[in-house]
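Let me begin by presenting the structure, written as structure tokens, before commenting on it.
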Amino acid sequence: MRGNQGIQSGGAIHWFLQRVTGICLVIVVAVHTILAHYTVPEGGLSYEWVAHRLGQPLWKLFYIFLLFLCVYHGLNGIWIIVQDYVHKDGWRVAIFGALIMLGVLMLSIGLLTIVPLGIRG
Amino acid sequence: MRYRWDIGFIAWLLMRISGVLIVLFLLMHLFVLSHLGLGKEAFEGFFFVKMAEKPLNKLLELGLIGCLIFHGLNGIRICLVDFAGGVFVQKKLFWAAVGVGLVIFVVAAVPILSHL
């Protein structure tokens, strides 16, 4: 158990934030899922249909909010699981670093997609 | 160490499994939708976007929706247990989540399966 005294999740704030982001996600994901998967027009997913919605400022903000919520909540969840099974400090540091890089990558891909969509035509 | 297969443990285990599966979906979802940035032809011609209307994908979608519904409702249960004294009724809350979840799942599955 000695390894458990090493790198930690950062304490109670992440435990609390996991619940706060979780409650937000229940609402935001419900809206997103109903909208994006149950109002798809006949003929299937089209570029215009997605781009039109993402071109509106409030929906853009909505999706940026969703992106940050799910990347934090998802990767923090993985980190919580990792800490239960990985006890060596070296592995923990390596996995934590990998998760941070994955998070930055996911946020970058997401923002680069969401922000310009529907604006530059 | 031995695990006791009671309701609390099963809920905890399912929470982890559904959570990991949702993260894997999220990675794929972001990758596929990043093709929106490449324009209409690149997006609609992309293999995985064309896959979206195939029957196999509809079945995977049911799995995803099942994971999301369980994870969300059990998440509400966890918040009730942690913040609202729900610890004394945590097993009842689990069955409540399962019951409500099944109803939502059936309502969500009908339009998906009717488009198969």
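Note on naming: chains are A, B, ... as they come in the structure tokens, residues start from 1 per chain, ligands start from 1 in the order shown.
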- [ ] For chain B, report every residue with an atom at most 6 Å from chain A (counting only C-alpha atoms), formatted as a VMD selection string.
- [x] chain B and resid 23 34 37 40 72
So that I have them on file, write out the residues from the current selection with N, CA and C atoms, as a compact mmCIF listing (two decimals), in the first residue's frame.
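Result file is selection35.txt:
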# COMPACT_ATOMS: atom_id res chain seq x y z
N VAL B 23 -16.48 6.39 -22.38
CA VAL B 23 -15.26 7.12 -22.76
C VAL B 23 -14.73 6.62 -24.10
N SER B 34 -14.85 15.03 -36.01
CA SER B 34 -13.83 16.01 -36.39
C SER B 34 -13.77 16.15 -37.91
N GLY B 37 -15.02 19.27 -39.85
CA GLY B 37 -14.15 20.40 -40.15
C GLY B 37 -13.55 20.34 -41.55
N LYS B 40 -18.23 19.24 -46.38
CA LYS B 40 -19.36 18.35 -46.63
C LYS B 40 -18.94 17.00 -47.26
N GLY B 72 -26.15 7.55 -16.03
CA GLY B 72 -26.78 8.80 -15.59
C GLY B 72 -27.67 8.60 -14.38
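The residue that comes closest to Leu26 (chain B), out of A:Trp15, A:Val31, A:Cys24, A:Gly103 and on the basis of only C-alpha atoms, is A:Gly103.
The gap separating CA of Asn76 (chain A) from CA of Ile13 (chain A) is 11.5 Å, in Å to one decimal.
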Would you list the contacts of His35 (chain B) as a PDB file with N, CA and C atoms, in the first residue's frame, taking every protein, DNA or RNA residue within 10 Å and counting only C-alpha atoms, but skipping same-chain residues closer than 3 positions in sequence?
ATOM      1  N   TYR A  47     -24.343  16.889 -43.554  1.00  0.00           N
ATOM      2  CA  TYR A  47     -23.432  17.958 -43.127  1.00  0.00           C
ATOM      3  C   TYR A  47     -24.204  19.226 -42.791  1.00  0.00           C
ATOM      4  N   ILE A 109      -9.224  18.744 -30.601  1.00  0.00           N
ATOM      5  CA  ILE A 109     -10.011  18.238 -31.733  1.00  0.00           C
ATOM      6  C   ILE A 109     -11.435  18.786 -31.661  1.00  0.00           C
ATOM      7  N   THR A 113     -13.149  21.634 -34.184  1.00  0.00           N
ATOM      8  CA  THR A 113     -14.314  21.257 -34.979  1.00  0.00           C
ATOM      9  C   THR A 113     -15.497  22.178 -34.703  1.00  0.00           C
TER      10      THR A 113
ATOM     11  N   LEU B  30     -15.627  11.846 -31.134  1.00  0.00           N
ATOM     12  CA  LEU B  30     -14.870  13.065 -31.431  1.00  0.00           C
ATOM     13  C   LEU B  30     -14.063  12.896 -32.714  1.00  0.00           C
ATOM     14  N   PHE B  31     -13.462  11.704 -32.898  1.00  0.00           N
ATOM     15  CA  PHE B  31     -12.675  11.444 -34.105  1.00  0.00           C
ATOM     16  C   PHE B  31     -13.557  11.518 -35.355  1.00  0.00           C
ATOM     17  N   VAL B  32     -14.704  10.845 -35.302  1.00  0.00           N
ATOM     18  CA  VAL B  32     -15.599  10.825 -36.467  1.00  0.00           C
ATOM     19  C   VAL B  32     -16.112  12.235 -36.765  1.00  0.00           C
ATOM     20  N   LEU B  38     -13.622  19.155 -42.174  1.00  0.00           N
ATOM     21  CA  LEU B  38     -13.024  19.004 -43.503  1.00  0.00           C
ATOM     22  C   LEU B  38     -14.008  19.311 -44.629  1.00  0.00           C
ATOM     23  N   GLY B  39     -15.246  19.652 -44.249  1.00  0.00           N
ATOM     24  CA  GLY B  39     -16.226  20.009 -45.274  1.00  0.00           C
ATOM     25  C   GLY B  39     -17.205  18.890 -45.579  1.00  0.00           C
ATOM     26  N   LYS B  40     -18.228  19.235 -46.379  1.00  0.00           N
ATOM     27  CA  LYS B  40     -19.358  18.350 -46.634  1.00  0.00           C
ATOM     28  C   LYS B  40     -18.938  17.003 -47.265  1.00  0.00           C
ATOM     29  N   GLU B  41     -18.125  17.055 -48.327  1.00  0.00           N
ATOM     30  CA  GLU B  41     -17.773  15.824 -49.043  1.00  0.00           C
ATOM     31  C   GLU B  41     -16.988  14.869 -48.134  1.00  0.00           C
ATOM     32  N   ALA B  42     -15.988  15.435 -47.454  1.00  0.00           N
ATOM     33  CA  ALA B  42     -15.147  14.616 -46.589  1.00  0.00           C
ATOM     34  C   ALA B  42     -15.975  13.992 -45.466  1.00  0.00           C
ATOM     35  N   PHE B  43     -16.924  14.779 -44.922  1.00  0.00           N
ATOM     36  CA  PHE B  43     -17.728  14.281 -43.801  1.00  0.00           C
ATOM     37  C   PHE B  43     -18.694  13.182 -44.242  1.00  0.00           C
ATOM     38  N   GLU B  44     -19.485  13.467 -45.283  1.00  0.00           N
ATOM     39  CA  GLU B  44     -20.509  12.501 -45.685  1.00  0.00           C
ATOM     40  C   GLU B  44     -19.912  11.290 -46.386  1.00  0.00           C
ATOM     41  N   GLY B  45     -18.701  11.435 -46.951  1.00  0.00           N
ATOM     42  CA  GLY B  45     -18.060  10.304 -47.600  1.00  0.00           C
ATOM     43  C   GLY B  45     -17.271   9.427 -46.643  1.00  0.00           C
ATOM     44  N   PHE B  46     -17.109   9.914 -45.406  1.00  0.00           N
ATOM     45  CA  PHE B  46     -16.283   9.192 -44.443  1.00  0.00           C
ATOM     46  C   PHE B  46     -16.937   7.864 -44.066  1.00  0.00           C
ATOM     47  N   VAL B  49     -19.211   7.621 -41.026  1.00  0.00           N
ATOM     48  CA  VAL B  49     -20.453   8.390 -41.124  1.00  0.00           C
ATOM     49  C   VAL B  49     -21.470   7.606 -41.956  1.00  0.00           C
TER      50      VAL B  49
END
